[in-house]
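Heads up, structure.txt below (compact mmCIF, C-alpha atoms):
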# COMPACT_ATOMS: atom_id res chain seq x y z
CA MET A 1 -19.53 10.08 -9.39
CA THR A 2 -23.26 9.54 -8.91
CA THR A 3 -25.88 12.08 -7.86
CA ALA A 4 -26.63 9.98 -4.78
CA THR A 5 -23.02 10.25 -3.67
CA LEU A 6 -23.03 14.02 -4.10
CA GLU A 7 -26.16 14.30 -1.99
CA HIS A 8 -24.38 12.71 0.98
CA ILE A 9 -21.56 15.27 1.00
CA PRO A 10 -22.20 17.87 3.73
CA PRO A 11 -23.64 21.16 2.46
CA VAL A 12 -21.99 24.59 2.72
CA GLU A 13 -23.14 25.36 6.25
CA HIS A 14 -21.39 22.20 7.52
CA ARG A 15 -18.05 23.11 6.07
CA SER A 16 -16.92 25.01 9.16
CA ARG A 17 -17.77 22.21 11.57
CA PRO A 18 -14.73 20.73 13.33
CA PHE A 19 -13.74 17.42 11.81
CA ALA A 20 -16.30 17.75 9.01
CA TRP A 21 -13.51 16.60 6.71
CA VAL A 22 -13.69 13.16 8.36
CA GLN A 23 -17.27 12.61 7.18
CA GLN A 24 -16.43 14.04 3.77
CA SER A 25 -13.41 11.75 3.42
CA LEU A 26 -15.42 8.68 4.39
CA THR A 27 -18.13 9.60 1.87
CA LEU A 28 -15.55 9.89 -0.91
CA ALA A 29 -13.89 6.67 0.24
CA TRP A 30 -17.25 4.92 -0.16
CA ARG A 31 -17.46 6.37 -3.66
CA ASN A 32 -14.18 4.60 -4.51
CA ILE A 33 -15.37 1.35 -2.95
CA VAL A 34 -18.57 1.47 -5.00
CA ARG A 35 -16.51 2.09 -8.12
CA ILE A 36 -14.45 -1.03 -7.37
CA ARG A 37 -17.64 -3.03 -6.89
CA GLN A 38 -18.92 -1.85 -10.25
CA ASN A 39 -15.60 -2.66 -11.93
CA PRO A 40 -14.44 -5.97 -10.35
CA GLU A 41 -11.79 -6.58 -13.02
CA ALA A 42 -9.84 -3.74 -11.40
CA LEU A 43 -9.14 -6.21 -8.57
CA ALA A 44 -7.38 -8.68 -10.87
CA ASP A 45 -3.91 -7.60 -9.75
CA VAL A 46 -4.58 -7.94 -6.00
CA THR A 47 -6.59 -11.13 -6.53
CA PHE A 48 -4.29 -13.24 -8.70
CA GLN A 49 -0.88 -11.63 -8.16
CA PRO A 50 -0.48 -12.84 -4.53
CA ILE A 51 -1.22 -16.44 -5.52
CA ILE A 52 1.07 -16.34 -8.56
CA PHE A 53 3.93 -14.68 -6.69
CA LEU A 54 3.78 -17.03 -3.72
CA THR A 55 3.63 -20.25 -5.71
CA LEU A 56 6.18 -19.10 -8.27
CA PHE A 57 8.86 -17.84 -5.88
CA LEU A 58 8.22 -20.60 -3.35
CA PHE A 59 8.71 -23.48 -5.78
CA VAL A 60 11.45 -21.82 -7.86
CA PHE A 61 13.64 -20.68 -4.95
CA GLY A 62 12.48 -23.09 -2.24
CA GLY A 63 14.88 -25.92 -2.99
CA ALA A 64 17.92 -23.64 -3.22
CA MET A 65 17.15 -21.46 -0.19
CA SER A 66 15.89 -23.97 2.37
CA GLN A 67 19.19 -25.84 2.96
CA GLY A 68 17.77 -29.24 2.14
CA GLN A 69 14.34 -28.74 3.79
CA GLY A 70 12.49 -28.22 0.50
CA TRP A 71 9.94 -25.53 -0.16
CA GLN A 72 8.30 -26.26 3.20
CA GLY A 73 11.39 -24.90 4.95
CA TYR A 74 11.44 -21.77 2.80
CA LEU A 75 7.75 -20.91 3.30
CA PRO A 76 8.07 -19.39 6.84
CA TRP A 77 10.89 -17.15 5.58
CA LEU A 78 9.33 -16.18 2.26
CA LEU A 79 5.69 -15.47 3.10
CA PRO A 80 6.22 -12.52 5.52
CA GLY A 81 8.53 -10.87 3.00
CA LEU A 82 6.25 -11.58 0.08
CA LEU A 83 3.35 -10.16 2.07
CA VAL A 84 5.22 -6.87 2.28
CA GLN A 85 6.10 -6.89 -1.42
CA THR A 86 2.57 -7.72 -2.55
CA VAL A 87 0.86 -5.03 -0.47
CA VAL A 88 3.49 -2.39 -1.24
CA PHE A 89 3.12 -3.06 -4.96
CA SER A 90 -0.65 -2.58 -4.59
CA THR A 91 -0.14 0.99 -3.35
CA MET A 92 0.94 2.12 -6.82
CA GLY A 93 -2.65 1.85 -8.01
CA THR A 94 -3.68 4.78 -5.79
CA GLY A 95 -1.56 7.27 -7.72
CA VAL A 96 -2.58 5.82 -11.07
CA GLY A 97 -6.27 6.05 -10.15
CA LEU A 98 -5.95 9.66 -8.95
CA ASN A 99 -4.19 10.70 -12.14
CA ASP A 100 -6.92 9.04 -14.19
CA ASP A 101 -9.63 10.84 -12.19
CA PHE A 102 -7.95 14.17 -12.88
CA ALA A 103 -7.79 13.41 -16.59
CA LYS A 104 -11.53 12.66 -16.59
CA GLY A 105 -12.40 15.88 -14.76
CA VAL A 106 -13.65 14.21 -11.59
CA PHE A 107 -11.56 16.44 -9.34
CA ASP A 108 -12.88 19.55 -11.08
CA ARG A 109 -16.27 18.57 -9.68
CA PHE A 110 -14.75 18.03 -6.24
CA ARG A 111 -13.32 21.56 -6.33
CA SER A 112 -16.81 22.99 -6.84
CA LEU A 113 -18.08 21.29 -3.69
CA PRO A 114 -17.91 22.86 -0.20
CA ILE A 115 -15.54 20.23 1.16
CA ALA A 116 -12.06 20.27 2.66
CA ARG A 117 -9.25 20.16 0.14
CA ILE A 118 -7.74 17.06 1.73
CA SER A 119 -11.00 15.06 1.72
CA PRO A 120 -10.74 13.73 -1.88
CA LEU A 121 -7.16 12.61 -1.24
CA ILE A 122 -7.93 10.87 2.05
CA GLY A 123 -11.00 9.33 0.44
CA ALA A 124 -8.88 7.90 -2.36
CA VAL A 125 -6.39 6.43 0.13
CA LEU A 126 -9.05 4.89 2.38
CA GLY A 127 -10.98 3.53 -0.58
CA ASP A 128 -7.89 1.75 -1.87
CA ALA A 129 -7.35 0.22 1.57
CA VAL A 130 -9.97 -2.33 0.51
CA ARG A 131 -7.62 -3.47 -2.24
CA TYR A 132 -4.75 -3.79 0.21
CA MET A 133 -6.83 -5.85 2.65
CA LEU A 134 -8.04 -8.13 -0.12
CA SER A 135 -4.44 -8.74 -1.19
CA ILE A 136 -3.48 -9.59 2.40
CA VAL A 137 -6.40 -12.00 2.84
CA ILE A 138 -5.73 -13.85 -0.41
CA LEU A 139 -1.99 -14.20 0.19
CA MET A 140 -2.41 -15.38 3.77
CA ALA A 141 -5.15 -17.84 2.79
CA THR A 142 -2.86 -19.30 0.14
CA GLY A 143 -0.01 -19.47 2.63
CA PHE A 144 -2.14 -21.24 5.26
CA ALA A 145 -3.29 -23.71 2.61
CA LEU A 146 0.37 -24.52 1.92
CA GLY A 147 1.14 -25.02 5.61
CA PHE A 148 2.17 -21.60 6.94
CA ARG A 149 1.32 -20.89 10.59
CA PHE A 150 1.74 -18.04 13.09
CA ASP A 151 4.45 -19.69 15.20
CA ASN A 152 4.61 -16.66 17.52
CA GLY A 153 0.89 -16.72 18.29
CA ILE A 154 -2.16 -15.45 16.47
CA GLY A 155 -2.12 -12.12 18.33
CA TYR A 156 1.34 -11.17 17.07
CA GLY A 157 0.45 -12.55 13.65
CA LEU A 158 -2.59 -10.29 13.36
CA LEU A 159 -0.50 -7.36 14.56
CA GLY A 160 1.87 -8.08 11.68
CA LEU A 161 -1.00 -7.83 9.22
CA VAL A 162 -2.09 -4.52 10.75
CA MET A 163 1.45 -3.15 10.47
CA VAL A 164 1.65 -4.08 6.79
CA LEU A 165 -1.66 -2.35 6.13
CA GLY A 166 -0.57 0.73 8.07
CA PHE A 167 2.71 0.93 6.18
CA ALA A 168 0.86 0.63 2.87
CA LEU A 169 -1.48 3.49 3.83
CA SER A 170 1.57 5.59 4.70
CA MET A 171 3.54 4.73 1.57
CA CYS A 172 0.66 5.34 -0.82
CA TRP A 173 1.02 9.09 -0.14
CA ILE A 174 4.13 8.95 -2.33
CA TRP A 175 2.01 7.74 -5.23
CA VAL A 176 -0.76 10.22 -4.41
CA TRP A 177 1.80 13.01 -4.79
CA LEU A 178 3.18 11.54 -8.01
CA GLY A 179 -0.33 11.01 -9.35
CA LEU A 180 -1.04 14.70 -8.84
CA THR A 181 2.22 15.96 -10.34
CA MET A 182 2.70 13.78 -13.41
CA LYS A 183 0.81 14.26 -16.66
CA THR A 184 -0.28 10.71 -17.42
CA ALA A 185 -1.24 7.56 -15.54
CA GLN A 186 1.30 5.63 -17.62
CA GLY A 187 4.02 7.97 -16.38
CA VAL A 188 3.00 7.40 -12.76
CA GLN A 189 3.05 3.64 -13.25
CA GLY A 190 6.43 3.74 -15.00
CA ILE A 191 8.10 5.77 -12.24
CA ALA A 192 6.46 3.63 -9.57
CA PHE A 193 7.91 0.43 -11.04
CA LEU A 194 11.36 2.01 -11.32
CA VAL A 195 11.21 2.81 -7.60
CA MET A 196 9.53 -0.34 -6.33
CA PHE A 197 11.66 -2.97 -8.06
CA PRO A 198 14.96 -1.92 -6.41
CA LEU A 199 13.24 -1.37 -3.06
CA THR A 200 11.67 -4.82 -2.97
CA PHE A 201 14.04 -7.09 -4.90
CA GLY A 202 17.03 -5.26 -3.39
CA SER A 203 15.84 -6.03 0.14
CA ASN A 204 15.83 -9.13 2.36
CA ILE A 205 12.51 -10.44 1.05
CA PHE A 206 13.93 -13.42 -0.85
CA ALA A 207 17.39 -13.94 0.66
CA PRO A 208 19.34 -12.97 3.79
CA THR A 209 21.18 -9.67 3.52
CA SER A 210 24.44 -11.37 4.53
CA THR A 211 24.51 -13.36 1.26
CA MET A 212 24.50 -10.23 -0.91
CA PRO A 213 27.50 -8.30 -2.28
CA ALA A 214 28.81 -5.59 0.02
CA PHE A 215 27.35 -2.66 -1.94
CA LEU A 216 23.91 -4.28 -1.99
CA GLN A 217 24.09 -5.18 1.70
CA THR A 218 24.40 -1.50 2.57
CA PHE A 219 21.38 -0.63 0.47
CA ALA A 220 19.28 -3.53 1.76
CA ARG A 221 19.99 -2.83 5.42
CA TYR A 222 18.72 0.72 5.28
CA THR A 223 15.62 0.39 3.13
CA PRO A 224 12.26 0.65 4.95
CA ILE A 225 11.19 -2.54 3.20
CA SER A 226 13.89 -4.62 4.92
CA HIS A 227 12.97 -3.25 8.35
CA LEU A 228 9.28 -4.00 7.75
CA VAL A 229 10.14 -7.54 6.58
CA ASP A 230 12.24 -8.05 9.73
CA LEU A 231 9.27 -6.92 11.80
CA GLU A 232 6.88 -9.28 10.00
CA ARG A 233 9.18 -12.27 10.46
CA ALA A 234 9.62 -11.45 14.14
CA LEU A 235 5.88 -11.02 14.75
CA MET A 236 4.86 -14.13 12.83
CA GLY A 237 7.74 -16.46 13.55
CA GLY A 238 9.45 -15.10 16.66
CA GLY A 239 12.47 -12.90 17.26
CA ALA A 240 13.40 -9.37 18.33
CA ILE A 241 10.46 -7.03 17.72
CA GLN A 242 11.30 -3.69 19.33
CA LYS A 243 13.99 -2.37 16.97
CA PRO A 244 12.26 -3.12 13.62
CA LEU A 245 8.94 -1.94 15.11
CA LEU A 246 10.33 1.46 16.12
CA ILE A 247 12.14 1.93 12.81
CA THR A 248 9.03 0.96 10.82
CA LEU A 249 6.84 3.35 12.83
CA ALA A 250 9.36 6.14 12.24
CA TRP A 251 9.26 5.48 8.49
CA MET A 252 5.45 5.51 8.51
CA VAL A 253 5.28 8.84 10.33
CA GLY A 254 8.00 10.31 8.10
CA LEU A 255 6.31 9.25 4.85
CA VAL A 256 3.00 10.81 5.85
CA ALA A 257 4.63 13.95 7.28
CA ILE A 258 6.58 14.57 4.06
CA PHE A 259 4.35 13.40 1.23
CA ALA A 260 0.85 14.23 2.51
CA PRO A 261 1.60 18.00 2.59
CA LEU A 262 3.29 17.71 -0.81
CA ALA A 263 0.22 15.96 -2.19
CA ILE A 264 -2.14 18.62 -0.80
CA ARG A 265 0.05 21.35 -2.28
CA ALA A 266 0.07 19.61 -5.67
CA TYR A 267 -3.71 19.22 -5.50
CA ARG A 268 -4.16 22.95 -4.90
CA ARG A 269 -1.89 23.86 -7.77
CA ARG A 270 -3.17 21.43 -10.34
CA THR A 271 -5.92 22.62 -12.67

Would you mind writing the file's structure down as structure tokens?
Amino acid sequence: MTTATLEHIPPVEHRSRPFAWVQQSLTLAWRNIVRIRQNPEALADVTFQPIIFLTLFLFVFGGAMSQGQGWQGYLPWLLPGLLVQTVVFSTMGTGVGLNDDFAKGVFDRFRSLPIARISPLIGAVLGDAVRYMLSIVILMATGFALGFRFDNGIGYGLLGLVMVLGFALSMCWIWVWLGLTMKTAQGVQGIAFLVMFPLTFGSNIFAPTSTMPAFLQTFARYTPISHLVDLERALMGGGAIQKPLLITLAWMVGLVAIFAPLAIRAYRRRT
């Protein structure tokens, strides 16, 4: 953290101002954005992974899943689901980065500053939102280059992108909590992969739920990932929106309501 960044954090007398934590969080979010700019190789996963995933899954599964229409027929089904998977996978980096900052003593310096306890956590989440948005832009640009279009109108399509980003910001609080409770960044990453692989590959991202075995159908129907994928397909391609929208919003509120307080509690306890 640079001296210039510290100088922009409100001094002691501003600590009691209402909503001072908002300015503090934005300052710390900018610190994370600057760190990304100084370390561009940290964006390798969100830069190349969307392109690799889309082309790989599209051309490997396209012929088998499109019922004779080729990969062009599979693209409208695959891309909304792959958008969810790509962005959700990106959220794991938030917890890994927080754990690494703790190991380097960065948060010990935050504790000595007259700022709200939640500000460093919100700053980390907002700073990583840049990574999520970059992943969305690259995947959608690749999809449009291959022929994908918003068949339900550009307004609904953009709303779908906003919903994916909002869900990612909600879900990353799980990894914030894990990043503050586990001892090593490798441990956070290992647990995150163990959770994310069943959630994503065991959902309706790549194939309809009806084609799965009965035990897997039950799991896939009730995961938040499947509901978000249903919402994305409805917003981008047409279909019923209300039910998956309400369920997705409920999951977003629930994730923040449960894991944000747990993360703040873990932050207070960790030394």

Might you pull out every residue within 10 Å of Trp30 in chain A, with all atoms listed in the file counted and same-chain residues fewer than 4 positions away left off, and present them as number ranges by chain?
A: 5, 24-26, 34-36, 123-124, 126-127

So how far away is CA of Pro76 in chain A from CA of Gly63 in chain A, in Å?
13.6 Å

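Residue nearest Met140 in chain A, chosen from A:Leu245, A:Ala263, A:Leu231, A:Leu78 and counting all atoms listed in the file: A:Leu78.
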
Identify the residues around (-4.1, 0.2, 8.6) within a radius of 12 Å, measuring from all atoms listed in the file in the coordinates stated by the file, and give them as a VMD selection string.
chain A and resid 87 125 to 133 136 158 to 172 252

Hey, which of A:Val60, A:Ala141, A:Val229, A:Ile191 ends up closest to Thr248 in chain A? Count only C-alpha atoms.
A:Val229

Would you be able to write out as an mmCIF file with C-alpha atoms, in the coordinates of the input which residues have an atom within 10 Å of (4.9, -1.9, -10.6) in the file's coordinates, counting all atoms listed in the file?
data_model
loop_
_atom_site.group_PDB
_atom_site.id
_atom_site.type_symbol
_atom_site.label_atom_id
_atom_site.label_comp_id
_atom_site.auth_asym_id
_atom_site.auth_seq_id
_atom_site.Cartn_x
_atom_site.Cartn_y
_atom_site.Cartn_z
ATOM 1 C CA VAL A 88 3.490 -2.390 -1.240
ATOM 2 C CA PHE A 89 3.120 -3.060 -4.960
ATOM 3 C CA SER A 90 -0.650 -2.580 -4.590
ATOM 4 C CA THR A 91 -0.140 0.990 -3.350
ATOM 5 C CA MET A 92 0.940 2.120 -6.820
ATOM 6 C CA GLY A 93 -2.650 1.850 -8.010
ATOM 7 C CA VAL A 188 3.000 7.400 -12.760
ATOM 8 C CA GLN A 189 3.050 3.640 -13.250
ATOM 9 C CA GLY A 190 6.430 3.740 -15.000
ATOM 10 C CA ILE A 191 8.100 5.770 -12.240
ATOM 11 C CA ALA A 192 6.460 3.630 -9.570
ATOM 12 C CA PHE A 193 7.910 0.430 -11.040
ATOM 13 C CA LEU A 194 11.360 2.010 -11.320
ATOM 14 C CA VAL A 195 11.210 2.810 -7.600
ATOM 15 C CA MET A 196 9.530 -0.340 -6.330
ATOM 16 C CA PHE A 197 11.660 -2.970 -8.060
#
